[in-house]
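What follows is work20.csv (CSV, C-alpha atoms).
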```csv
chain,number,residue,atom,x,y,z
A,164,MET,CA,11.9,26.5,-22.7
A,165,LYS,CA,14.3,24.0,-21.1
A,166,VAL,CA,13.0,22.5,-17.8
A,167,LEU,CA,15.0,20.5,-15.3
A,168,ILE,CA,12.7,18.2,-13.4
A,169,VAL,CA,14.1,17.1,-10.0
A,170,ASP,CA,12.2,14.4,-8.2
A,171,ASP,CA,13.3,11.2,-6.6
A,172,GLU,CA,10.0,9.5,-7.7
A,173,SER,CA,10.5,8.1,-11.2
A,174,ASP,CA,6.7,8.1,-11.9
A,175,ILE,CA,6.5,11.8,-11.2
A,176,ARG,CA,9.5,12.5,-13.5
A,177,ARG,CA,8.0,10.4,-16.3
A,178,ILE,CA,4.6,12.1,-16.3
A,179,ALA,CA,6.0,15.6,-15.8
A,180,ARG,CA,8.3,14.9,-18.7
A,181,LEU,CA,5.5,13.8,-20.9
A,182,ALA,CA,3.3,16.7,-19.9
A,183,LEU,CA,6.1,19.3,-20.4
A,184,ALA,CA,7.5,17.9,-23.6
A,185,ARG,CA,4.3,16.6,-25.4
A,186,LEU,CA,1.9,19.3,-24.3
A,187,GLY,CA,4.1,22.1,-23.4
A,188,GLY,CA,6.7,21.9,-26.1
A,189,CYS,CA,9.5,22.1,-23.6
A,190,GLU,CA,12.9,20.5,-23.7
A,191,VAL,CA,13.2,18.4,-20.6
A,192,VAL,CA,16.2,17.1,-18.5
A,193,GLU,CA,15.8,15.1,-15.3
A,194,ALA,CA,17.5,14.6,-12.0
A,195,ALA,CA,16.6,12.1,-9.3
A,196,SER,CA,18.3,13.9,-6.4
A,197,GLY,CA,19.4,17.3,-5.2
A,198,ARG,CA,23.1,16.5,-5.9
A,199,GLU,CA,22.2,15.4,-9.4
A,200,ALA,CA,20.2,18.5,-9.8
A,201,LEU,CA,23.2,20.7,-9.1
A,202,GLU,CA,25.2,18.9,-11.7
A,203,GLN,CA,22.5,19.1,-14.3
A,204,ALA,CA,21.8,22.7,-13.6
A,205,ARG,CA,25.4,23.5,-14.3
A,206,SER,CA,25.7,21.4,-17.4
A,207,ALA,CA,22.3,21.7,-19.0
A,208,ARG,CA,21.6,25.4,-18.1
A,209,PRO,CA,17.8,25.0,-17.9
A,210,ASP,CA,15.5,28.0,-18.1
A,211,VAL,CA,13.6,26.8,-15.0
A,212,ILE,CA,14.0,24.1,-12.4
A,213,LEU,CA,10.9,22.1,-11.2
A,214,LEU,CA,12.1,21.0,-7.8
A,215,ASP,CA,10.5,18.5,-5.5
A,216,VAL,CA,10.5,19.5,-1.9
A,217,MET,CA,10.7,16.2,-0.1
A,218,MET,CA,13.6,14.1,-1.3
A,219,PRO,CA,15.9,11.8,0.7
A,220,GLY,CA,19.3,13.2,1.4
A,221,GLN,CA,19.5,16.8,0.1
A,222,ASP,CA,15.9,18.0,0.0
A,223,GLY,CA,14.3,20.7,-2.1
A,224,PRO,CA,15.1,23.7,0.1
A,225,ALA,CA,18.7,22.6,0.6
A,226,THR,CA,19.1,22.2,-3.1
A,227,LEU,CA,17.7,25.6,-3.7
A,228,GLU,CA,20.2,27.0,-1.3
A,229,ALA,CA,23.0,25.3,-3.1
A,230,LEU,CA,21.8,26.5,-6.4
A,231,ARG,CA,21.7,30.1,-5.1
A,232,ALA,CA,25.2,29.8,-3.7
A,233,ASP,CA,26.6,28.7,-7.1
A,234,GLY,CA,27.4,31.6,-9.5
A,235,GLN,CA,26.5,29.4,-12.5
A,236,THR,CA,23.0,28.5,-11.2
A,237,THR,CA,22.1,31.3,-8.9
A,238,ALA,CA,19.8,33.1,-11.4
A,239,ILE,CA,17.8,30.0,-12.6
A,240,PRO,CA,14.2,30.3,-11.5
A,241,VAL,CA,13.0,27.4,-9.3
A,242,VAL,CA,9.5,26.3,-9.0
A,243,PHE,CA,8.9,24.0,-6.0
A,244,LEU,CA,6.7,20.9,-6.3
A,245,THR,CA,5.2,19.8,-3.0
A,246,ALA,CA,2.6,17.4,-1.8
A,247,LYS,CA,1.8,19.8,1.1
A,248,ALA,CA,-0.8,22.3,-0.1
A,249,MET,CA,-1.1,24.2,3.1
A,250,PRO,CA,-0.8,28.0,2.7
A,251,SER,CA,1.8,28.2,5.4
A,252,GLU,CA,4.0,25.7,3.5
A,253,ILE,CA,3.6,27.6,0.3
A,254,THR,CA,4.5,30.9,2.0
A,255,ARG,CA,7.5,29.2,3.6
A,256,LEU,CA,8.8,27.9,0.2
A,257,THR,CA,8.1,31.2,-1.6
A,258,ALA,CA,10.1,33.0,1.1
A,259,LEU,CA,13.1,30.8,0.4
A,260,GLY,CA,13.3,32.5,-3.0
A,261,ALA,CA,11.3,30.2,-5.2
A,262,ALA,CA,9.6,31.6,-8.3
A,263,GLY,CA,6.5,29.7,-7.4
A,264,VAL,CA,5.1,26.6,-5.8
A,265,LEU,CA,3.0,23.8,-7.5
A,266,THR,CA,1.3,21.2,-5.5
A,267,LYS,CA,1.2,17.5,-6.1
A,268,PRO,CA,-0.8,15.7,-7.3
A,269,PHE,CA,-0.8,18.0,-10.4
A,270,ASP,CA,-2.8,18.0,-13.5
A,271,PRO,CA,-0.5,16.9,-16.3
A,272,ARG,CA,-2.6,18.7,-18.9
A,273,THR,CA,-1.9,22.1,-17.3
A,274,LEU,CA,1.6,21.6,-15.9
A,275,ALA,CA,3.5,23.4,-18.6
A,276,GLU,CA,1.1,26.3,-18.5
A,277,GLN,CA,1.5,26.6,-14.7
A,278,VAL,CA,5.2,26.5,-14.8
A,279,ARG,CA,5.3,29.2,-17.5
A,280,ALA,CA,2.9,31.3,-15.4
A,281,ARG,CA,5.1,31.0,-12.3
A,282,VAL,CA,8.3,31.9,-14.2
A,283,ALA,CA,6.6,34.9,-15.9
A,284,SER,CA,5.3,36.2,-12.6
B,152,MET,CA,-6.6,16.5,-26.2
B,153,SER,CA,-4.7,14.6,-28.9
B,154,ALA,CA,-5.0,10.9,-29.4
B,155,GLY,CA,-1.2,10.8,-29.1
B,156,TRP,CA,-1.4,12.3,-25.7
B,157,ASP,CA,-4.0,9.9,-24.5
B,158,ALA,CA,-2.0,6.9,-25.8
B,159,ALA,CA,1.1,8.2,-24.1
B,160,LEU,CA,-0.7,8.8,-20.9
B,161,ALA,CA,-2.2,5.3,-21.0
B,162,GLU,CA,1.2,3.9,-21.5
B,163,LEU,CA,2.5,5.7,-18.4
B,164,ARG,CA,-0.5,4.5,-16.4
B,165,ALA,CA,0.3,1.0,-17.4
B,166,GLU,CA,3.9,1.5,-16.2
B,167,TYR,CA,2.6,3.1,-13.0
B,168,LEU,CA,0.4,0.1,-12.3
B,169,ALA,CA,3.1,-2.3,-13.1
B,170,GLU,CA,5.4,-0.7,-10.5
B,171,ALA,CA,2.7,-0.5,-7.8
B,172,PRO,CA,3.2,-4.0,-6.4
B,173,GLY,CA,6.9,-3.3,-5.8
B,174,ARG,CA,6.0,-0.2,-4.0
B,175,LEU,CA,3.4,-1.9,-1.9
B,176,THR,CA,5.8,-4.7,-1.1
B,177,ARG,CA,8.2,-2.1,0.2
B,178,GLY,CA,5.4,-0.6,2.3
B,179,ASN,CA,4.5,-4.0,3.7
B,180,GLU,CA,8.1,-4.7,4.5
B,181,ALA,CA,8.4,-1.4,6.4
B,182,LEU,CA,5.2,-2.1,8.2
B,183,ALA,CA,6.5,-5.6,9.2
B,184,ARG,CA,9.6,-3.9,10.6
B,185,LEU,CA,7.5,-1.4,12.5
B,186,ALA,CA,5.4,-4.1,14.0
B,187,GLY,CA,8.6,-5.9,14.9
B,188,GLY,CA,9.8,-3.0,17.0
B,189,GLN,CA,11.8,-1.0,14.5
B,190,PRO,CA,10.4,2.5,14.7
B,191,GLU,CA,12.9,3.8,12.2
B,192,ALA,CA,10.9,1.9,9.6
B,193,ALA,CA,8.3,4.6,9.8
B,194,ALA,CA,10.4,6.8,7.5
B,195,ASP,CA,10.4,4.1,4.8
B,196,LEU,CA,6.7,3.6,5.2
B,197,ARG,CA,6.2,7.3,5.0
B,198,ARG,CA,8.1,7.5,1.7
B,199,VAL,CA,5.9,4.8,0.2
B,200,PHE,CA,2.7,6.6,1.2
B,201,HIS,CA,4.2,9.9,0.1
B,202,GLY,CA,4.9,8.5,-3.3
B,203,PHE,CA,1.3,7.4,-3.7
B,204,ALA,CA,0.0,10.7,-2.3
B,205,GLY,CA,1.9,12.7,-4.9
B,206,SER,CA,1.3,10.5,-7.9
B,207,GLY,CA,-2.1,8.9,-7.5
B,208,ARG,CA,-4.4,11.7,-8.8
B,209,THR,CA,-1.8,12.8,-11.3
B,210,TYR,CA,-2.2,9.4,-12.9
B,211,GLY,CA,-6.0,9.5,-12.6
B,212,PHE,CA,-6.3,7.4,-9.4
B,213,GLY,CA,-8.0,9.9,-7.1
B,214,ARG,CA,-8.4,7.6,-4.1
B,215,VAL,CA,-4.8,6.6,-4.3
B,216,SER,CA,-3.7,10.1,-3.4
B,217,GLU,CA,-6.2,10.3,-0.6
B,218,LEU,CA,-5.0,6.9,0.9
B,219,GLY,CA,-1.4,8.0,0.4
B,220,LEU,CA,-2.0,11.3,2.2
B,221,GLU,CA,-3.6,9.6,5.1
B,222,GLY,CA,-0.8,7.0,5.3
B,223,GLU,CA,1.8,9.7,5.1
B,224,ALA,CA,0.2,11.7,7.9
B,225,LEU,CA,0.0,8.5,10.0
B,226,ALA,CA,3.7,7.6,9.4
B,227,ASP,CA,4.7,11.2,9.9
B,228,GLN,CA,3.5,11.2,13.5
B,229,TRP,CA,4.8,7.7,14.4
B,230,PRO,CA,4.4,6.3,17.0
B,231,PRO,CA,0.7,7.1,17.3
B,232,ALA,CA,-1.1,7.0,20.7
B,233,ASP,CA,-2.7,3.7,19.7
B,234,GLU,CA,0.2,1.9,18.1
B,235,ASP,CA,-1.7,-1.3,17.4
B,236,GLY,CA,-4.5,0.8,15.8
B,237,GLY,CA,-2.0,2.7,13.8
B,238,LEU,CA,-0.4,-0.5,12.5
B,239,ALA,CA,-3.8,-1.9,11.6
B,240,ARG,CA,-4.8,1.3,9.8
B,241,ALA,CA,-1.5,1.4,7.9
B,242,ALA,CA,-2.1,-2.2,6.8
B,243,GLN,CA,-5.6,-1.4,5.7
B,244,LEU,CA,-4.4,1.6,3.7
B,245,LEU,CA,-1.8,-0.5,1.9
B,246,ALA,CA,-4.4,-3.2,1.2
B,247,LEU,CA,-6.8,-0.6,-0.2
B,248,LEU,CA,-4.0,0.8,-2.4
B,249,GLY,CA,-3.4,-2.7,-3.6
B,250,GLN,CA,-7.1,-3.1,-4.4
B,251,ASP,CA,-7.1,0.2,-6.4
B,252,LEU,CA,-3.8,-0.5,-8.2
B,253,GLY,CA,-3.8,-4.2,-8.5
B,254,GLY,CA,-4.6,-6.3,-11.5
B,255,GLY,CA,-4.4,-3.5,-14.0
B,256,ALA,CA,-7.3,-1.5,-12.6
B,257,ALA,CA,-8.8,1.2,-14.7
B,258,PRO,CA,-8.4,4.8,-13.3
B,259,GLU,CA,-11.0,5.7,-10.7
B,260,ARG,CA,-12.3,2.1,-10.8
B,261,PRO,CA,-14.2,1.4,-7.6
B,262,PRO,CA,-12.8,-1.5,-5.5
B,263,ASP,CA,-14.4,-4.9,-5.8
B,264,GLY,CA,-17.9,-5.1,-4.4
B,265,PRO,CA,-17.9,-4.6,-0.6
B,266,CYS,CA,-18.3,-7.6,1.5
B,267,ALA,CA,-21.7,-6.5,2.5
B,268,GLU,CA,-22.9,-7.2,-1.0
B,269,ARG,CA,-21.9,-10.8,-0.6
B,270,GLU,CA,-23.3,-11.2,2.9
B,271,ALA,CA,-26.5,-12.7,1.4
B,272,GLY,CA,-24.5,-15.9,1.1
B,273,ALA,CA,-23.5,-15.9,4.7
B,274,GLY,CA,-24.1,-19.3,6.3
B,275,GLN,CA,-24.6,-20.9,2.9
B,276,PRO,CA,-22.1,-23.2,1.2
B,277,TRP,CA,-19.8,-21.2,-1.0
B,278,PRO,CA,-19.6,-21.8,-4.6
B,279,ALA,CA,-17.0,-24.2,-5.8
B,280,PRO,CA,-13.8,-22.4,-6.9
B,281,ALA,CA,-13.1,-22.2,-10.5
B,282,PRO,CA,-10.2,-24.2,-11.8
B,283,GLY,CA,-6.9,-22.4,-11.3
B,284,GLN,CA,-8.2,-20.5,-8.2
B,285,TRP,CA,-6.0,-22.7,-6.0
B,286,SER,CA,-3.0,-20.8,-4.7
B,287,ALA,CA,0.0,-22.1,-2.9
B,288,GLY,CA,1.3,-20.6,0.4
B,289,GLU,CA,-1.8,-18.6,0.9
B,290,VAL,CA,-3.5,-18.1,4.3
B,291,LEU,CA,-6.9,-16.8,5.0
B,292,VAL,CA,-7.0,-14.9,8.3
B,293,VAL,CA,-10.4,-14.4,9.9
B,294,GLU,CA,-10.3,-12.0,12.8
B,295,ASP,CA,-12.6,-9.1,13.7
B,296,ASP,CA,-10.1,-7.2,15.9
B,297,PRO,CA,-8.2,-4.9,13.6
B,298,ALA,CA,-5.0,-5.0,15.8
B,299,ALA,CA,-5.0,-8.8,16.0
B,300,LEU,CA,-5.7,-9.1,12.3
B,301,GLN,CA,-2.9,-6.8,11.5
B,302,ALA,CA,-0.5,-8.6,13.8
B,303,LEU,CA,-1.4,-11.9,12.2
B,304,CYS,CA,-1.0,-10.5,8.7
B,305,VAL,CA,2.3,-9.0,9.5
B,306,ALA,CA,3.6,-12.1,11.1
B,307,LEU,CA,2.4,-14.4,8.3
B,308,ASP,CA,3.6,-11.9,5.6
B,309,HIS,CA,7.0,-11.7,7.4
B,310,GLU,CA,7.2,-15.5,7.1
B,311,GLY,CA,6.6,-15.3,3.4
B,312,TYR,CA,2.9,-16.3,3.2
B,313,ALA,CA,0.5,-14.6,1.0
B,314,VAL,CA,-2.3,-13.4,3.2
B,315,ARG,CA,-6.0,-12.8,2.6
B,316,ALA,CA,-8.1,-11.4,5.4
B,317,ALA,CA,-11.7,-11.3,6.5
B,318,ARG,CA,-13.4,-9.7,9.5
B,319,SER,CA,-16.5,-11.8,9.7
B,320,LEU,CA,-18.0,-15.2,8.9
B,321,ALA,CA,-19.8,-13.6,5.9
B,322,CYS,CA,-16.6,-12.2,4.6
B,323,ALA,CA,-14.7,-15.4,5.2
B,324,THR,CA,-17.4,-17.3,3.3
B,325,ALA,CA,-17.1,-14.9,0.5
B,326,GLU,CA,-13.4,-15.1,0.5
B,327,LEU,CA,-13.5,-18.9,0.4
B,328,GLY,CA,-15.9,-18.6,-2.6
B,329,ARG,CA,-13.3,-16.6,-4.4
B,330,GLY,CA,-10.7,-19.3,-4.0
B,331,LEU,CA,-9.5,-21.7,-1.5
B,332,PRO,CA,-6.5,-20.8,0.6
B,333,ASP,CA,-3.9,-23.3,1.8
B,334,ALA,CA,-4.7,-22.7,5.4
B,335,LEU,CA,-7.3,-20.9,7.5
B,336,VAL,CA,-6.4,-19.0,10.7
B,337,ALA,CA,-9.6,-17.9,12.5
B,338,ASP,CA,-10.7,-16.3,15.6
B,339,VAL,CA,-13.5,-18.4,17.3
B,340,ILE,CA,-15.9,-15.6,18.1
B,341,LEU,CA,-16.8,-13.3,15.3
B,342,PRO,CA,-19.4,-10.5,15.1
B,343,ASP,CA,-21.8,-12.7,13.1
B,344,GLY,CA,-21.3,-15.9,15.0
B,345,GLU,CA,-18.8,-18.6,16.0
B,346,VAL,CA,-16.5,-20.1,13.5
B,347,PHE,CA,-17.2,-23.7,14.4
B,348,GLY,CA,-20.1,-24.0,11.9
B,349,LEU,CA,-17.9,-22.7,9.1
B,350,VAL,CA,-15.2,-25.2,10.0
B,351,GLU,CA,-17.7,-28.1,10.2
B,352,ARG,CA,-19.0,-27.1,6.7
B,353,LEU,CA,-15.4,-27.1,5.5
B,354,ARG,CA,-15.0,-30.6,6.8
B,355,GLU,CA,-18.1,-31.8,5.0
B,356,ARG,CA,-16.7,-30.9,1.6
B,357,PRO,CA,-14.3,-33.3,0.0
B,358,ASP,CA,-12.2,-30.5,-1.4
B,359,THR,CA,-11.7,-28.8,2.0
B,360,GLU,CA,-12.0,-31.7,4.5
B,361,ASP,CA,-8.2,-31.6,4.9
B,362,LEU,CA,-7.8,-27.9,4.8
B,363,PRO,CA,-5.5,-26.9,7.7
B,364,VAL,CA,-7.4,-24.8,10.2
B,365,LEU,CA,-5.9,-22.9,13.1
B,366,LEU,CA,-8.4,-21.6,15.6
B,367,GLN,CA,-7.6,-18.8,18.0
B,368,SER,CA,-9.5,-18.1,21.2
B,369,VAL,CA,-9.2,-15.8,24.1
B,370,GLN,CA,-10.5,-18.7,26.2
B,371,ALA,CA,-7.3,-20.3,27.5
B,372,CYS,CA,-8.9,-23.6,28.1
B,373,CYS,CA,-9.7,-26.6,25.9
B,374,SER,CA,-13.4,-26.3,27.0
B,375,GLY,CA,-13.8,-23.5,24.5
B,376,MET,CA,-12.7,-25.6,21.6
B,377,PRO,CA,-14.5,-28.3,19.7
B,378,ALA,CA,-13.7,-31.7,20.9
B,379,SER,CA,-13.8,-33.3,17.5
B,380,PRO,CA,-10.4,-33.7,16.0
B,381,ARG,CA,-12.0,-33.2,12.6
B,382,ALA,CA,-12.9,-29.7,13.5
B,383,CYS,CA,-9.6,-28.0,13.5
B,384,SER,CA,-5.9,-28.8,13.0
B,385,ARG,CA,-4.7,-26.7,15.9
B,386,SER,CA,-5.9,-24.2,18.4
B,387,ARG,CA,-4.1,-21.5,20.2
B,388,THR,CA,-5.1,-18.9,22.7
B,389,THR,CA,-4.8,-15.2,22.0
B,390,PRO,CA,-2.6,-13.4,22.9
B,391,SER,CA,-0.1,-16.1,22.4
B,392,ARG,CA,1.8,-15.2,25.6
B,393,ARG,CA,-1.2,-16.4,27.6
B,394,PRO,CA,-0.4,-19.5,29.7
B,395,SER,CA,-1.7,-22.6,28.1
B,396,CYS,CA,-3.5,-25.4,29.9
B,397,ALA,CA,-2.8,-29.0,29.4
B,398,GLY,CA,-4.1,-30.3,26.2
B,399,CYS,CA,-4.2,-26.9,24.4
B,400,SER,CA,-1.5,-26.1,21.9
B,401,ASN,CA,-0.3,-22.5,22.2
B,402,ARG,CA,1.9,-22.8,19.2
B,403,PRO,CA,0.9,-21.7,15.8
B,404,ALA,CA,0.5,-24.2,13.1
B,405,THR,CA,3.6,-25.9,11.9
B,406,PRO,CA,4.3,-27.8,8.8
B,407,SER,CA,3.4,-30.9,10.6
B,408,ALA,CA,-0.1,-29.5,11.1
B,409,GLY,CA,-0.5,-29.3,7.3
B,410,VAL,CA,0.3,-25.6,6.8
B,411,PRO,CA,2.9,-25.1,4.1
B,412,SER,CA,6.2,-24.3,5.6
B,413,ARG,CA,7.4,-22.1,2.8
B,414,PRO,CA,5.4,-20.4,0.1
B,415,ARG,CA,6.1,-21.1,-3.5
B,416,TRP,CA,5.5,-17.5,-4.2
B,417,LYS,CA,4.7,-14.3,-2.3
B,418,ARG,CA,2.6,-11.4,-3.1
B,419,PRO,CA,1.4,-8.2,-1.3
B,420,TRP,CA,-1.5,-8.5,1.1
B,421,ARG,CA,-4.9,-8.8,-0.4
B,422,THR,CA,-7.6,-8.2,2.1
B,423,SER,CA,-11.3,-8.1,1.7
B,424,SER,CA,-11.7,-4.4,2.5
B,425,PRO,CA,-11.7,-4.8,6.3
B,426,THR,CA,-13.2,-1.4,6.7
B,427,SER,CA,-16.2,-2.3,4.7
B,428,CYS,CA,-16.7,-5.7,6.3
```
Kindly return the structure encoded in the file as structure tokens.
Amino acid sequence: MKVLIVDDESDIRRIARLALARLGGCEVVEAASGREALEQARSARPDVILLDVMMPGQDGPATLEALRADGQTTAIPVVFLTAKAMPSEITRLTALGAAGVLTKPFDPRTLAEQVRARVAS
Amino acid sequence: MSAGWDAALAELRAEYLAEAPGRLTRGNEALARLAGGQPEAAADLRRVFHGFAGSGRTYGFGRVSELGLEGEALADQWPPADEDGGLARAAQLLALLGQDLGGGAAPERPPDGPCAEREAGAGQPWPAPAPGQWSAGEVLVVEDDPAALQALCVALDHEGYAVRAARSLACATAELGRGLPDALVADVILPDGEVFGLVERLRERPDTEDLPVLLQSVQACCSGMPASPRACSRSRTTPSRRPSCAGCSNRPATPSAGVPSRPRWKRPWRTSSPTSC
């Protein structure tokens, strides 16, 4: 499984990469912004995008909207990563068309398993 | 879990800790701008707290996430009803994050012993600092009012001083025992007594007899200050806009008063857990 990690925080990208690659056996590509995510999604063709909600500039929901509007990326499942664990926020993000929502802070040991479960569901 | 995983995670934690001071500095800078009347800095402060909220527990620092979440919520609703209180709390949160992430702390390591544990030494001469504990451009601020403490810390930090803070005589004594600052800024009346005794003891020690001391008092009259010129380098009334009387200096310490004009280095605030003091 190829995963595109999108987060403006480098420490989150690093540990997510480690967790997904080392424990989950995933191939990982990274993007530090919504704009970069669109480029990477088109060029790397990931199987799933792990997308941070709160980013400066183009945030997660806006990035998802752009992904859905692009014929090359419209079908890629997106799993949001958010620090807001409230049920209302999770419902809102799911309603946008995300395959799932994971909350930060996350457990790196189970991250790959959780991403796979969201995509499978 | 494989040993390889543990080693890789430990490496990432080390990187995380190494980057923490830079993040805290950005937080302190945003806080200084907020205190300086730039409300747009709340967004920058929020980002710093948001980063810690999302990453702390992931890296094994549980309290970092909690502190980050509180800070994020605080910055999210800026300005709070009590702006001075909000600034003070934000400063405390950054200081606590610094405690948890400073100096290569191990995950979930409790902060240094609370000041209460050191209060047994209150009123007693503090131990001589170990060689190398001297630091340049460092000011110890002793103030029990969180808002005033925060304002002083922000102002001094903004000027480039490294700041340590204490909220009582006992904490101040403990802080002095951990290392002598280059200058002391103290409120006169503290919860556990007046600061004059502490200053007198400073003057009795050869290594601190010339330590610059700036006393602050709400009494806008010289009568509230010790007459002895040995006692303090300067005094000022708080708040500083209060009219001064003849003979009182309302100005903060200047290089001529012995306070270093520019620090030789700067570091994020290190306070002595004001909440626990």
List the neighbours of Gln235 of chain A out to 9 Å using all atoms listed in the file; skip same-chain residues closer than 3 positions along the sequence, and give me the result as a PyMOL selection string.
chain A and resi 204-205+208+230-232+238-239
The selected residues should be written to file as a short mmCIF file (atom, residue, chain, number, x, y, z; two decimals), in the frame of the given file (atoms: C-alpha atoms).
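So selection.cif came out as:
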```cif
data_model
loop_
_atom_site.label_atom_id
_atom_site.label_comp_id
_atom_site.auth_asym_id
_atom_site.auth_seq_id
_atom_site.Cartn_x
_atom_site.Cartn_y
_atom_site.Cartn_z
CA ALA A 204 21.80 22.70 -13.60
CA ARG A 205 25.40 23.50 -14.30
CA ARG A 208 21.60 25.40 -18.10
CA LEU A 230 21.80 26.50 -6.40
CA ARG A 231 21.70 30.10 -5.10
CA ALA A 232 25.20 29.80 -3.70
CA ALA A 238 19.80 33.10 -11.40
CA ILE A 239 17.80 30.00 -12.60
#
```
Kindly extract all protein, DNA and RNA residues lying within 9 Å of the coordinates (16.3, 16.4, -13.5) given in the file, considering all atoms listed in the file, and supply them as a PyMOL selection string.
chain A and resi 166-170+176+191-197+199-200+203-204+212-214
Could the residues of chain A within 8 Å of chain B, counting only C-alpha atoms, be given as a PyMOL selection string, please?
chain A and resi 172+174-175+177-178+181+185-186+246+267-271
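What separates atom CA of Leu218 of chain B from atom CA of Val264 of chain A is a distance of 23.1 Å.
Take atom CA of Thr266 of chain A and atom CA of Pro209 of chain A: the distance between them is 21.0 Å.
One finds atom CA of Leu300 of chain B at 22.9 Å from atom CA of Val215 of chain B.
The protein and nucleic acid residues lying at most 10 Å from Ala280 of chain A are A:Ala262, A:Gly263, A:Leu274, A:Ala275, A:Glu276, A:Ser284, with all atoms listed in the file considered and sequence neighbours fewer than 4 positions away removed.
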Can those selected residues be exported to a file as a short mmCIF file (atom, residue, chain, number, x, y, z; two decimals), in the coordinates of the input so that it contains C-alpha atoms?
```cif
data_model
loop_
_atom_site.label_atom_id
_atom_site.label_comp_id
_atom_site.auth_asym_id
_atom_site.auth_seq_id
_atom_site.Cartn_x
_atom_site.Cartn_y
_atom_site.Cartn_z
CA ALA A 262 9.60 31.60 -8.30
CA GLY A 263 6.50 29.70 -7.40
CA LEU A 274 1.60 21.60 -15.90
CA ALA A 275 3.50 23.40 -18.60
CA GLU A 276 1.10 26.30 -18.50
CA SER A 284 5.30 36.20 -12.60
#
```
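Of the listed residues (B:Gly222, B:Gly288, B:Gly236, B:Gly249), B:Gly236 comes nearest to Ala186 of chain B; the distances count only C-alpha atoms.
Each of A:Val242, A:Ala248, A:Met218, A:Leu201 was compared to Val282 of chain A using all atoms listed in the file, and A:Val242 turns out to be the nearest.
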Just add all heavy atoms to segment 230-234 of chain A and send it as a PDB file, in the coordinates of the input.
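Done, and the output landed in result06.pdb:
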```pdb
ATOM      1  N   LEU A 230      21.894  25.899  -5.099  1.00  0.00           N
ATOM      2  CA  LEU A 230      21.800  26.500  -6.400  1.00  0.00           C
ATOM      3  C   LEU A 230      22.059  28.025  -6.338  1.00  0.00           C
ATOM      4  O   LEU A 230      22.748  28.611  -7.184  1.00  0.00           O
ATOM      5  CB  LEU A 230      20.389  26.293  -7.020  1.00  0.00           C
ATOM      6  CG  LEU A 230      20.072  24.873  -7.512  1.00  0.00           C
ATOM      7  CD1 LEU A 230      18.556  24.691  -7.695  1.00  0.00           C
ATOM      8  CD2 LEU A 230      20.791  24.598  -8.837  1.00  0.00           C
ATOM      9  N   ARG A 231      21.525  28.642  -5.310  1.00  0.00           N
ATOM     10  CA  ARG A 231      21.700  30.100  -5.100  1.00  0.00           C
ATOM     11  C   ARG A 231      23.136  30.446  -4.787  1.00  0.00           C
ATOM     12  O   ARG A 231      23.606  31.556  -5.070  1.00  0.00           O
ATOM     13  CB  ARG A 231      20.749  30.597  -4.041  1.00  0.00           C
ATOM     14  CG  ARG A 231      19.276  30.538  -4.414  1.00  0.00           C
ATOM     15  CD  ARG A 231      18.943  31.523  -5.521  1.00  0.00           C
ATOM     16  NE  ARG A 231      17.561  31.391  -5.968  1.00  0.00           N
ATOM     17  CZ  ARG A 231      17.196  30.756  -7.081  1.00  0.00           C
ATOM     18  NH1 ARG A 231      18.105  30.188  -7.861  1.00  0.00           N
ATOM     19  NH2 ARG A 231      15.924  30.684  -7.449  1.00  0.00           N
ATOM     20  N   ALA A 232      23.805  29.507  -4.159  1.00  0.00           N
ATOM     21  CA  ALA A 232      25.200  29.800  -3.700  1.00  0.00           C
ATOM     22  C   ALA A 232      26.188  29.583  -4.876  1.00  0.00           C
ATOM     23  O   ALA A 232      27.359  29.954  -4.750  1.00  0.00           O
ATOM     24  CB  ALA A 232      25.545  28.834  -2.589  1.00  0.00           C
ATOM     25  N   ASP A 233      25.719  29.018  -5.954  1.00  0.00           N
ATOM     26  CA  ASP A 233      26.600  28.700  -7.100  1.00  0.00           C
ATOM     27  C   ASP A 233      26.394  29.809  -8.164  1.00  0.00           C
ATOM     28  O   ASP A 233      25.259  30.001  -8.641  1.00  0.00           O
ATOM     29  CB  ASP A 233      26.262  27.339  -7.644  1.00  0.00           C
ATOM     30  CG  ASP A 233      27.236  26.901  -8.731  1.00  0.00           C
ATOM     31  OD1 ASP A 233      27.677  27.740  -9.546  1.00  0.00           O
ATOM     32  OD2 ASP A 233      27.547  25.702  -8.769  1.00  0.00           O
ATOM     33  N   GLY A 234      27.479  30.469  -8.537  1.00  0.00           N
ATOM     34  CA  GLY A 234      27.400  31.600  -9.500  1.00  0.00           C
ATOM     35  C   GLY A 234      26.778  31.135 -10.843  1.00  0.00           C
ATOM     36  O   GLY A 234      26.097  31.928 -11.506  1.00  0.00           O
TER      37      GLY A 234
END
```
